[in-house]
Amino acid sequence: MESAAAGKDVNKMRISRAEYKYMSRFMEQLRPTRQCMKILKVQFPNLSPSTLLSIFSQEYQKRMKRSMARHHAPDVVKWYYQRYRSEAETRPTAPLLLELANEVDLSPALLARMIVECFVEEREASVPSRHVINNMLREPCFIPDPLLAKHVEQCTVNDCCYGPLVDCIKHAIGLEHEEILRDELRERNLSFLDENQLRAKGYDKTPDIILEVPIAVEDHIVHWIESKASFGDDHSHHTYLNEQFWSYCNRFGPGLVIYWYGFISELDCQRDRGILLNDRFPSDITTLCQRASRL
Amino acid sequence: MAALLESLLDNKVKLSEVLLWLKDRHACASQDFPVKVWKQEFVPFLLNFLRDQSSHTLTHGPTTPAKTPSTSRSVRTQCSSERRGNKSTPVQGLRNTSRIQLFSPVPSTSPMGERSEQETPFPGSNSFSGVSALSSPSFSSLLSPAARNTPNERRSAQRHSLGDFMTSPPDAQQHKGRRRSGGFGGSANGRHSGSRSALTEEGGRWDGGGGGGRRSRGVGRIETVSPPTQVQLNFNNLEDFPPMAAAQASPMTTKPSRRINPTLVSAERPSSKPMSCFTSTPVSLSASPPIVLESTTAKPNFGSPHSLQEERELLRRERSKLAQQTSSPLKTTPITCTPTKTVHRQGSKVTPDPQAPCPDPDKVTQTPELNLLAELYCTCISENLVPCVILELFFVLQLLTSRGVSVSEPTEEGVSMCERSADVLEKVYLGNVHNCVYFAVRVLEHQFELVSHLDKCTLRLLSENERVGSFSPALRDRLAQAQDNCTSNDLPTPPLFVHSVPFQPATDNRSNFSSDRAFHTFKKQRDVFYELLREWEDAHKEPGWNFEAAIGNRVRMMVSQLTAAGNHSHFARLFQKQLIQMCKGPCILGSSNETPDADLLGMLGADSLGRLKRLQQRLVQPQGLIGPCPPPSFPGHQEFFRDFLQTAGCCQLNQHLKDGLCQELLKLDEVSILGPDASPARGEETSDGDMEQQDEKQRFSSVLLMARLLAKFLGFICFLPYHTSEPPSRDIQDAAITLRSKSSPVLDVCAVLRSSMHRRRTILTVPWIVEFLSMLDYTGPFLPFYRTALCLLLYIYKRMVLGRGDELCYMNQLLLVAVLGWLFQIPVFPEDLFFSTDLEEEIKEMENNTGAQGLDTLPLVDQQLLYTCCPYLGEFRKLLAAFVAGSTAKSGGLIRKITPTSAEPRGPSITRSQQKLQVDLEQAFFHNQPPSLRRTVEFVAERIGSNCVKHIKATLVLELVQGGEKTLRDGLGLDGVNAAKLNDSICAQLCDAGMQALEKATRFCSEYAPGAVRALLPLETSPAVLSTAEIITTRLATEKACSWLSSNITMLLKREWKTAFERVMKSLPSFSNLNGKEGEGASKSQQVQRSAAELSAGSSCISDCTHKVPLGSEVMIEIKEVLCVAVGPRVDEEVFTVHQIEVLLDRVGQTLGCRKLLSPVVEQMLLRCTVQLACKLVSGELPLVSSDQGNKKSTLLDKFLLLWGRSPASPAPLHLLLSEPTLTATLSATDSERTDYLFLIKRLVEKGLLKEEEVGSHWSKLSLLSWPEESVEKFQQLSLATKYQVPSMSNQMDILQVSQ
């Protein structure tokens, strides 16, 4: 029994703000590697790995944004590159870029990008296009220097917050959850218009789902549903509110946001204003004319 | 006027004659009386007289303001405030205190209050909310009993007080009486005391100036009956002892002035008698010139523009001064209270209210006179001779509930003194509670019909009022009875959160905009608008929050973007729709209405209600009485929209809004509302008509409410440019009139009104026009155009005698009378207009013009609508409740506000019942659908519901009655049967059986509604929407039919049965057997089937795919883990078994096998990952545990081949296998790995996944690499061994050799 209860606990999705603050403080020193994920799983056994990864990723991204300017100062970039070059000569087999990234607390994938940019620029004597750089990061074998290619690959593969692979994973997660959402709706016979249909009709703002016939979730009317395959923290939620959720409300009335990886429970405070949060597809649904189910 | 009243009281003229004269339609002077009197003089005189009479007694509640000659108003206010003042500061200095008390609550009343107080000297001028109701406008009659000129008045007040100090109380009384009589000015001719004549001088001066005060709002003076006891005179107080002649010059002096000497008017008259003008202030003590006037009199010449204008001007100044005082508590004010009173009150009030003299019918004095006055007064009310019927009723209720005068000895003395007075007009008839209550009850008896149309709660409070009970048990009983006929009502609750205006592609998508930029700008603007709205909702009630300061700049920024993008029309539409959405009031579709108040009352009765009320009011009520004529305001969310427009100050936007509002208004005004079927067979149809009538009524009320809202905003926008904080000076106004009368008004109000009168649609048109005109600026009413409109309204009002309905329904009339009366009392309405005669001309043409049947003849207004439109009617209830609660005495009629923090439920979630939720869902459903859908559904539901009832009448009812007849005949055939008993029992049976009507109705509706609505909706409507619409239609239709049936079927059956029974009984002798079939005739309802669900989802999976595959993201994460280990850094323990990799590859395979969740990007990445994995594998970088891996590894490689070969459409990036790093790694790996590598390449080529040329071209790169020779050799050997020729190897060898 106990284990069952514990098992349930693992699915915990709503975190109080205080708890979240504690977590984010704990994460402050971590580096974005698979080791760090292991540490987190041990430290916060109640949270699912996906939730942990999402939280860590968001916190880490905030960290990177804060220090962006510092790392991107031209002289700093130059110093990183030179240091890499010189070390590449002395001990080429060591994971040089990873080490450097950890040392200066910069995302390995971002560092790799910087180094590749420098490298190409040096080689071609011109600023490379984004496209070229992206290709090189995605398939390091395109980097003319095999050693650098190896080091770059080490970075992009290991980084759990940045890099082409991680981006693709995030993208996939987003799409998958939208599809899961649509499945749930279809399963319940709830008719809806999705983003693409809405765009075709010329809507200026398009949530993932607009229900053709609204439902009530926990006694709140829901016209639209937005799927967010991430954890809803203060920062991201407020961004979403301003850029998306309020806009949806302003056009379509109240709606539901699903943060599949959970959210800070205090954020669910706009229910009466038309924004309801949930961490899964809601079970407590009232449909219009439930008598209709017999039909 | 005065003479007439005097003659009446002296029995020199017959009351009946006067009444006849009053009822006569023309305003002409009467020929039959000893004195020549004009109605328009007499009525205001009478009103002022009554107010003066009662001024001592009324000490509570807001004043009945008065644009009527009400003295009392101000007095009362004063008194009440004084009480409060006393309470808080038991010691002297109350004056100031009371002032503050009096006015400070006001701001809270109106949203704008605060601001206007601070910023505009005259509240209400700039901001509409302005004037607090308490200080409501006074009547400006030219003929107030006491002639008042402001300065004079003040003066006199002063004097008076001084006199009071010195004289004995009775004396004081008398003195007052005099003054009052002075009010009638001319009429009271000659009997003026010295003091009066002294005053005259000033009056004269005013006359000369041509100015006359007009209304003084809210400022009142206190008069107490009781003598001044201990008073400390403060000689330094300028208020009390103003410097001579300072009167009008210094603001201080003027302030107090409530009295404006009507002299002005007198100036106009030939005789220059001080006909008291309808200036506002009534009260009067004072100072009218002793000149004789009326009696001699010439016909008053009201219209002289010159003097009037000057007068007006003066008044305006007065007003603003008053307002200033009012608004700034700091100034010591001119309260006009006589020191005496103050003192007195102080004394008596400090102790907790021993007060409340119990009115006793036996103590009533002067009954005949009171009866006479009551009858006169009632006639004025009934004939709409008073400017505001509601106001008068309020006054009466105040009299009823007055507790003011404690029946202390001095009072008695005073009264007796007065009674002894020789002059009948000097007598105090309403000087004590007994008389007041008696008078009030008499009036209520006369006005019973009017009273009985008030809400249930008010009626109950009235009927349970002990005074009514003791003075007129009959009235009490009638009231109690009236309650039962009354449908309770309550104001609808506002929507719970911001319902946005739905985005409709038809009007809102890109094609409706001139450019992409405009489209996207508008997208942002919409969001900004709602953001502001939400912020306002959150913050505007917080103290110190200010619209301009908080969001003013953002509003303007957004609006300026509008201009840049040319999006005004879009925004105006959004604005208007949102306005309607949020402010139009009660929602229509929903059905459940709670009426807590009435229910409570029903449960508790007045007694417990008293206690409850006390509690509730302390907790909830924002403020106490605001009086029956509050100034126009923008309650609730309207405030936001008003402030928005004001702040935005954007002429383009305003213009677009004006256009939109006008269009919408005129459209609404044309709306057709169906009457009951006009078929002759009305008896048959009545009941059915009731039901349809309900729908039409609802429609009407929603149209009416919306039109009023829009009209108010249209008026606001139109007159916004002309709003001034103070009334303009005469000159400026003249200039403005000249200027403005040249341009045409935005809306031809007069034409709309005329046409409406012609077509008898005033019930719809007048209320919104009233709203529109209530927004007028100070000059507006003087523009010929608007003056005409106002005159038309006056005409309508005067003709709209309640209860004398030329087919007009009483409630319709009451609504019109109430809103019009209100309009005539608001600040901008010119005081002279009501009693002026010039409208006669205007109107002649209208007289014979009554067209066909119009809306006016339909019973469209119900109590709920009446109270929604005229929330101030609720003041009656508050007044009575306050009386019950006893708070009158304690707080001077004003209930203090205590804001509860947690008393009210926070969210809707708690209270919402499931049923409510369904209704909300329905509303929500329509929200994002095209409006036509809703119209269709409602229409169909209404028709089907109606048809259903008809059907049931034609079938079930008929069958039942026929069956009953048969039973009856059978029964009568038996011996010893009691026909009456049989009748009863059959009737009961029928009624029981009638209940199956509901079931049948349900079946009928679900059978026909879906098909009907389906046929009317576009074929393309999506199935879900269609079926929902069908279900809603069915529900609505069923609800309509069932609710009608459940309340009417019994009655219907009884009626039908009764006729059937009578028929049978008549035909008894010739007994014939009717063949009635009793039966169910149940028609089977067919369930409407709709195709269940749609389509299986997913597109191009393999045929029998169940979509239960690992998610791409999960698999990628797993591969990433493996790759991480492969590329390192890693620890030694991190190894994989071949099996693990195989499992992983299987999962990849599954994922790739189902297209449902797979996007191309993900697919590509997955494939790339597998290729990378293969590279790591063949180059030995992936740490595999080395247990008999030999064979197994090749099966592993086969799995890769399988993966890569499965979809030609999305090839794996196999070139990675041939890339430099891979080759390099492979070359440096072991033989077995190289073997694997070559094996893999070979298989790929065999399978056609790699082309030989491709391999070759990559191979050639080997040449560029510097390999150790042996490695190359080994590689070469291997490749030879595997029979796969490494192309151009020889070349490379050469190169290598060379390099060596």
# chains A, B, ... in the order shown; residues from 1 in each chain; ligands from 1
>>> residues_around(residues="Val1131 in chain B", least_positions_apart="5", cutoff="12 Å", atoms="only C-alpha atoms", output="ChimeraX atom specification")
/A:35 /B:1124-1126,1183
>>> write_last_selection(atoms="N, CA, C and O atoms", output="PDB file, in the first residue's frame")
ATOM      1  N   GLN A  35      24.641  13.761 -15.484  1.00  0.00           N
ATOM      2  CA  GLN A  35      24.917  13.563 -14.062  1.00  0.00           C
ATOM      3  C   GLN A  35      23.982  14.434 -13.211  1.00  0.00           C
ATOM      4  O   GLN A  35      23.487  14.002 -12.184  1.00  0.00           O
TER       5      GLN A  35
ATOM      6  N   CYS B1124      25.555  10.071 -25.296  1.00  0.00           N
ATOM      7  CA  CYS B1124      26.343  10.789 -24.301  1.00  0.00           C
ATOM      8  C   CYS B1124      27.478   9.902 -23.798  1.00  0.00           C
ATOM      9  O   CYS B1124      28.635  10.325 -23.695  1.00  0.00           O
ATOM     10  N   VAL B1125      27.088   8.703 -23.467  1.00  0.00           N
ATOM     11  CA  VAL B1125      28.101   7.773 -22.968  1.00  0.00           C
ATOM     12  C   VAL B1125      29.140   7.520 -24.054  1.00  0.00           C
ATOM     13  O   VAL B1125      30.340   7.482 -23.802  1.00  0.00           O
ATOM     14  N   ALA B1126      28.646   7.384 -25.280  1.00  0.00           N
ATOM     15  CA  ALA B1126      29.554   7.072 -26.376  1.00  0.00           C
ATOM     16  C   ALA B1126      30.563   8.190 -26.608  1.00  0.00           C
ATOM     17  O   ALA B1126      31.758   7.933 -26.777  1.00  0.00           O
ATOM     18  N   PRO B1183      30.727   1.847 -25.684  1.00  0.00           N
ATOM     19  CA  PRO B1183      31.237   0.772 -24.835  1.00  0.00           C
ATOM     20  C   PRO B1183      30.215  -0.346 -24.672  1.00  0.00           C
ATOM     21  O   PRO B1183      29.259  -0.215 -23.922  1.00  0.00           O
TER      22      PRO B1183
END
>>> residues_around(residues="Glu266 in chain A", least_positions_apart="5", cutoff="9 Å", atoms="only C-alpha atoms", output="list in words")
Arg14, Ile15, Ser16 and Arg17 of chain A
>>> closest_residue(among="B:Phe644, B:Trp822, B:Tyr778, B:Tyr530", to="chain A", atoms="only C-alpha atoms")
B:Tyr530
>>> select_by_dssp(residues="range 41-76 of chain A", states="helix (DSSP H, G or I)", output="mmCIF file with N, CA and C atoms, in the first residue's frame")
data_model
loop_
_atom_site.group_PDB
_atom_site.id
_atom_site.type_symbol
_atom_site.label_atom_id
_atom_site.label_comp_id
_atom_site.auth_asym_id
_atom_site.auth_seq_id
_atom_site.Cartn_x
_atom_site.Cartn_y
_atom_site.Cartn_z
ATOM 1 N N LYS A 41 17.130 13.685 -9.549
ATOM 2 C CA LYS A 41 16.166 12.614 -9.295
ATOM 3 C C LYS A 41 16.301 12.094 -7.870
ATOM 4 N N VAL A 42 17.524 12.081 -7.417
ATOM 5 C CA VAL A 42 17.734 11.621 -6.035
ATOM 6 C C VAL A 42 17.181 12.661 -5.059
ATOM 7 N N GLN A 43 17.456 13.887 -5.389
ATOM 8 C CA GLN A 43 17.082 14.955 -4.472
ATOM 9 C C GLN A 43 15.557 15.168 -4.406
ATOM 10 N N PRO A 49 10.832 12.641 -13.846
ATOM 11 C CA PRO A 49 12.042 13.109 -14.534
ATOM 12 C C PRO A 49 11.730 14.219 -15.530
ATOM 13 N N SER A 50 10.610 14.079 -16.199
ATOM 14 C CA SER A 50 10.274 15.101 -17.206
ATOM 15 C C SER A 50 10.066 16.449 -16.543
ATOM 16 N N THR A 51 9.334 16.432 -15.427
ATOM 17 C CA THR A 51 9.104 17.675 -14.713
ATOM 18 C C THR A 51 10.428 18.265 -14.251
ATOM 19 N N LEU A 52 11.258 17.401 -13.691
ATOM 20 C CA LEU A 52 12.559 17.878 -13.220
ATOM 21 C C LEU A 52 13.358 18.488 -14.356
ATOM 22 N N LEU A 53 13.372 17.762 -15.468
ATOM 23 C CA LEU A 53 14.147 18.264 -16.592
ATOM 24 C C LEU A 53 13.594 19.601 -17.059
ATOM 25 N N SER A 54 12.250 19.679 -17.101
ATOM 26 C CA SER A 54 11.644 20.915 -17.570
ATOM 27 C C SER A 54 11.980 22.071 -16.642
ATOM 28 N N ILE A 55 11.869 21.827 -15.355
ATOM 29 C CA ILE A 55 12.179 22.886 -14.406
ATOM 30 C C ILE A 55 13.646 23.284 -14.514
ATOM 31 N N PHE A 56 14.490 22.253 -14.518
ATOM 32 C CA PHE A 56 15.907 22.571 -14.577
ATOM 33 C C PHE A 56 16.245 23.340 -15.848
ATOM 34 N N SER A 57 15.667 22.859 -16.923
ATOM 35 C CA SER A 57 15.954 23.481 -18.200
ATOM 36 C C SER A 57 15.549 24.953 -18.185
ATOM 37 N N GLN A 58 14.372 25.210 -17.630
ATOM 38 C CA GLN A 58 13.933 26.599 -17.612
ATOM 39 C C GLN A 58 14.798 27.459 -16.699
ATOM 40 N N GLU A 59 15.125 26.890 -15.560
ATOM 41 C CA GLU A 59 15.976 27.647 -14.645
ATOM 42 C C GLU A 59 17.341 27.893 -15.278
ATOM 43 N N TYR A 60 17.832 26.847 -15.944
ATOM 44 C CA TYR A 60 19.156 26.972 -16.554
ATOM 45 C C TYR A 60 19.132 28.015 -17.669
ATOM 46 N N GLN A 61 18.046 27.990 -18.407
ATOM 47 C CA GLN A 61 17.965 28.978 -19.482
ATOM 48 C C GLN A 61 17.935 30.398 -18.936
ATOM 49 N N LYS A 62 17.214 30.564 -17.828
ATOM 50 C CA LYS A 62 17.210 31.894 -17.219
ATOM 51 C C LYS A 62 18.634 32.289 -16.836
ATOM 52 N N ARG A 63 19.326 31.286 -16.274
ATOM 53 C CA ARG A 63 20.709 31.557 -15.849
ATOM 54 C C ARG A 63 21.537 31.981 -17.042
ATOM 55 N N MET A 64 21.372 31.262 -18.133
ATOM 56 C CA MET A 64 22.170 31.569 -19.324
ATOM 57 C C MET A 64 21.829 32.958 -19.858
ATOM 58 N N LYS A 65 20.532 33.265 -19.811
ATOM 59 C CA LYS A 65 20.168 34.586 -20.321
ATOM 60 C C LYS A 65 20.792 35.683 -19.484
ATOM 61 N N ARG A 66 20.826 35.414 -18.192
ATOM 62 C CA ARG A 66 21.418 36.437 -17.316
ATOM 63 C C ARG A 66 22.890 36.659 -17.633
ATOM 64 N N SER A 67 23.593 35.528 -17.941
ATOM 65 C CA SER A 67 25.041 35.673 -18.117
ATOM 66 C C SER A 67 25.442 35.806 -19.580
ATOM 67 N N MET A 68 24.418 35.871 -20.402
ATOM 68 C CA MET A 68 24.676 35.949 -21.844
ATOM 69 C C MET A 68 25.680 37.036 -22.210
ATOM 70 N N ALA A 69 25.408 38.203 -21.713
ATOM 71 C CA ALA A 69 26.244 39.338 -22.092
ATOM 72 C C ALA A 69 27.699 39.086 -21.685
ATOM 73 N N ARG A 70 27.836 38.520 -20.517
ATOM 74 C CA ARG A 70 29.201 38.276 -20.009
ATOM 75 C C ARG A 70 29.964 37.347 -20.956
ATOM 76 N N HIS A 71 29.317 36.276 -21.369
ATOM 77 C CA HIS A 71 30.011 35.296 -22.209
ATOM 78 C C HIS A 71 30.207 35.774 -23.635
ATOM 79 N N HIS A 72 29.343 36.654 -24.034
ATOM 80 C CA HIS A 72 29.416 37.037 -25.443
ATOM 81 C C HIS A 72 30.246 38.279 -25.697
ATOM 82 N N PRO A 74 33.147 40.321 -26.790
ATOM 83 C CA PRO A 74 34.108 39.901 -27.821
ATOM 84 C C PRO A 74 35.439 39.374 -27.257
ATOM 85 N N ASP A 75 35.926 40.072 -26.257
ATOM 86 C CA ASP A 75 37.220 39.602 -25.741
ATOM 87 C C ASP A 75 37.089 38.267 -25.024
ATOM 88 N N VAL A 76 35.939 38.077 -24.404
ATOM 89 C CA VAL A 76 35.723 36.800 -23.717
ATOM 90 C C VAL A 76 35.659 35.674 -24.747
#
>>> interface_residues(of="chain A", to="chain B", cutoff="7 Å", atoms="only C-alpha atoms", output="ChimeraX atom specification")
/A:95,141,146,154,157-158,168-169,172-173,176,179,189,191,201-204,212-216,219,221,247,249-253,272-273,288-289,295
>>> atom_distance(atom1="CA of Lys1247 in chain B", atom2="CA of Pro1110 in chain B")
27.4 Å
>>> residues_around(residues="Glu178 in chain A", least_positions_apart="3", cutoff="9 Å", atoms="only C-alpha atoms", output="ChimeraX atom specification")
/A:173-175,181-183,208-209,226-229
>>> atom_distance(atom1="CA of Tyr1237 in chain B", atom2="CA of Val1178 in chain B")
5.3 Å
>>> atom_distance(atom1="CA of Cys987 in chain B", atom2="CA of Leu1045 in chain B")
16.9 Å
>>> residues_around(residues="Gly163 in chain A", least_positions_apart="2", cutoff="10 Å", atoms="only C-alpha atoms", output="tab-separated table (two decimals) with N, CA, C and O atoms, in the first residue's frame")
chain	number	residue	atom	x	y	z
A	107	SER	N	26.60	27.03	-21.05
A	107	SER	CA	26.06	25.81	-21.64
A	107	SER	C	27.05	25.25	-22.66
A	107	SER	O	27.52	25.99	-23.53
A	108	PRO	N	27.34	23.96	-22.58
A	108	PRO	CA	28.32	23.37	-23.52
A	108	PRO	C	27.91	23.60	-24.97
A	108	PRO	O	28.76	23.95	-25.80
A	109	ALA	N	26.64	23.43	-25.23
A	109	ALA	CA	26.20	23.59	-26.61
A	109	ALA	C	26.39	25.03	-27.08
A	109	ALA	O	26.79	25.27	-28.23
A	110	LEU	N	26.11	25.97	-26.19
A	110	LEU	CA	26.30	27.36	-26.57
A	110	LEU	C	27.77	27.67	-26.78
A	110	LEU	O	28.16	28.38	-27.71
A	112	ALA	N	30.02	25.53	-27.65
A	112	ALA	CA	30.41	24.89	-28.89
A	112	ALA	C	30.05	25.77	-30.07
A	112	ALA	O	30.84	25.96	-31.00
A	113	ARG	N	28.88	26.35	-30.01
A	113	ARG	CA	28.47	27.22	-31.10
A	113	ARG	C	29.45	28.39	-31.25
A	113	ARG	O	29.89	28.72	-32.36
A	134	ASN	N	24.38	26.07	-37.85
A	134	ASN	CA	23.41	25.10	-37.35
A	134	ASN	C	23.69	23.71	-37.90
A	134	ASN	O	23.62	22.72	-37.19
A	137	LEU	N	26.55	22.15	-36.16
A	137	LEU	CA	26.24	21.68	-34.81
A	137	LEU	C	25.40	20.42	-34.85
A	137	LEU	O	25.54	19.51	-34.05
A	138	ARG	N	24.50	20.39	-35.84
A	138	ARG	CA	23.64	19.23	-35.94
A	138	ARG	C	24.44	18.01	-36.38
A	138	ARG	O	24.27	16.91	-35.87
A	153	GLU	N	30.69	17.63	-30.81
A	153	GLU	CA	29.70	16.58	-30.63
A	153	GLU	C	29.53	16.25	-29.16
A	153	GLU	O	28.41	16.07	-28.65
A	155	CYS	N	29.86	18.18	-26.75
A	155	CYS	CA	29.06	19.24	-26.13
A	155	CYS	C	27.58	19.11	-26.45
A	155	CYS	O	26.73	19.13	-25.55
A	156	THR	N	27.29	19.01	-27.73
A	156	THR	CA	25.87	19.04	-28.11
A	156	THR	C	25.12	17.80	-27.63
A	156	THR	O	23.95	17.87	-27.31
A	157	VAL	N	25.83	16.72	-27.57
A	157	VAL	CA	25.14	15.51	-27.12
A	157	VAL	C	24.95	15.52	-25.61
A	157	VAL	O	23.92	15.10	-25.08
A	158	ASN	N	25.93	16.04	-24.92
A	158	ASN	CA	25.84	16.00	-23.47
A	158	ASN	C	24.92	17.06	-22.87
A	158	ASN	O	24.32	16.83	-21.83
A	159	ASP	N	24.86	18.17	-23.51
A	159	ASP	CA	24.07	19.27	-22.96
A	159	ASP	C	22.59	18.87	-22.89
A	159	ASP	O	22.01	18.46	-23.90
A	160	CYS	N	22.01	18.99	-21.72
A	160	CYS	CA	20.59	18.59	-21.65
A	160	CYS	C	19.65	19.78	-21.72
A	160	CYS	O	18.45	19.64	-21.50
A	161	CYS	N	20.19	20.94	-21.96
A	161	CYS	CA	19.31	22.11	-22.05
A	161	CYS	C	19.37	22.84	-23.39
A	161	CYS	O	18.44	23.53	-23.77
A	165	LEU	N	19.74	18.55	-30.66
A	165	LEU	CA	19.02	17.36	-30.24
A	165	LEU	C	17.98	17.72	-29.19
A	165	LEU	O	16.81	17.31	-29.27
A	166	VAL	N	18.40	18.52	-28.22
A	166	VAL	CA	17.47	18.93	-27.17
A	166	VAL	C	16.31	19.74	-27.76
A	166	VAL	O	15.15	19.53	-27.42
A	167	ASP	N	16.66	20.62	-28.68
A	167	ASP	CA	15.60	21.41	-29.32
A	167	ASP	C	14.59	20.51	-29.99
A	167	ASP	O	13.37	20.71	-29.89
A	168	CYS	N	15.12	19.52	-30.64
A	168	CYS	CA	14.22	18.63	-31.36
A	168	CYS	C	13.36	17.84	-30.39
A	168	CYS	O	12.18	17.61	-30.63
A	169	ILE	N	13.99	17.45	-29.29
A	169	ILE	CA	13.21	16.71	-28.29
A	169	ILE	C	12.07	17.59	-27.77
A	169	ILE	O	10.92	17.16	-27.65
>>> residues_around(residues="range 78-85 of chain A", least_positions_apart="4", cutoff="12 Å", atoms="only C-alpha atoms", output="number ranges by chain")
A: 71-74, 89-92, 94-101, 103-104, 106, 110-122, 145, 147-148, 151-152
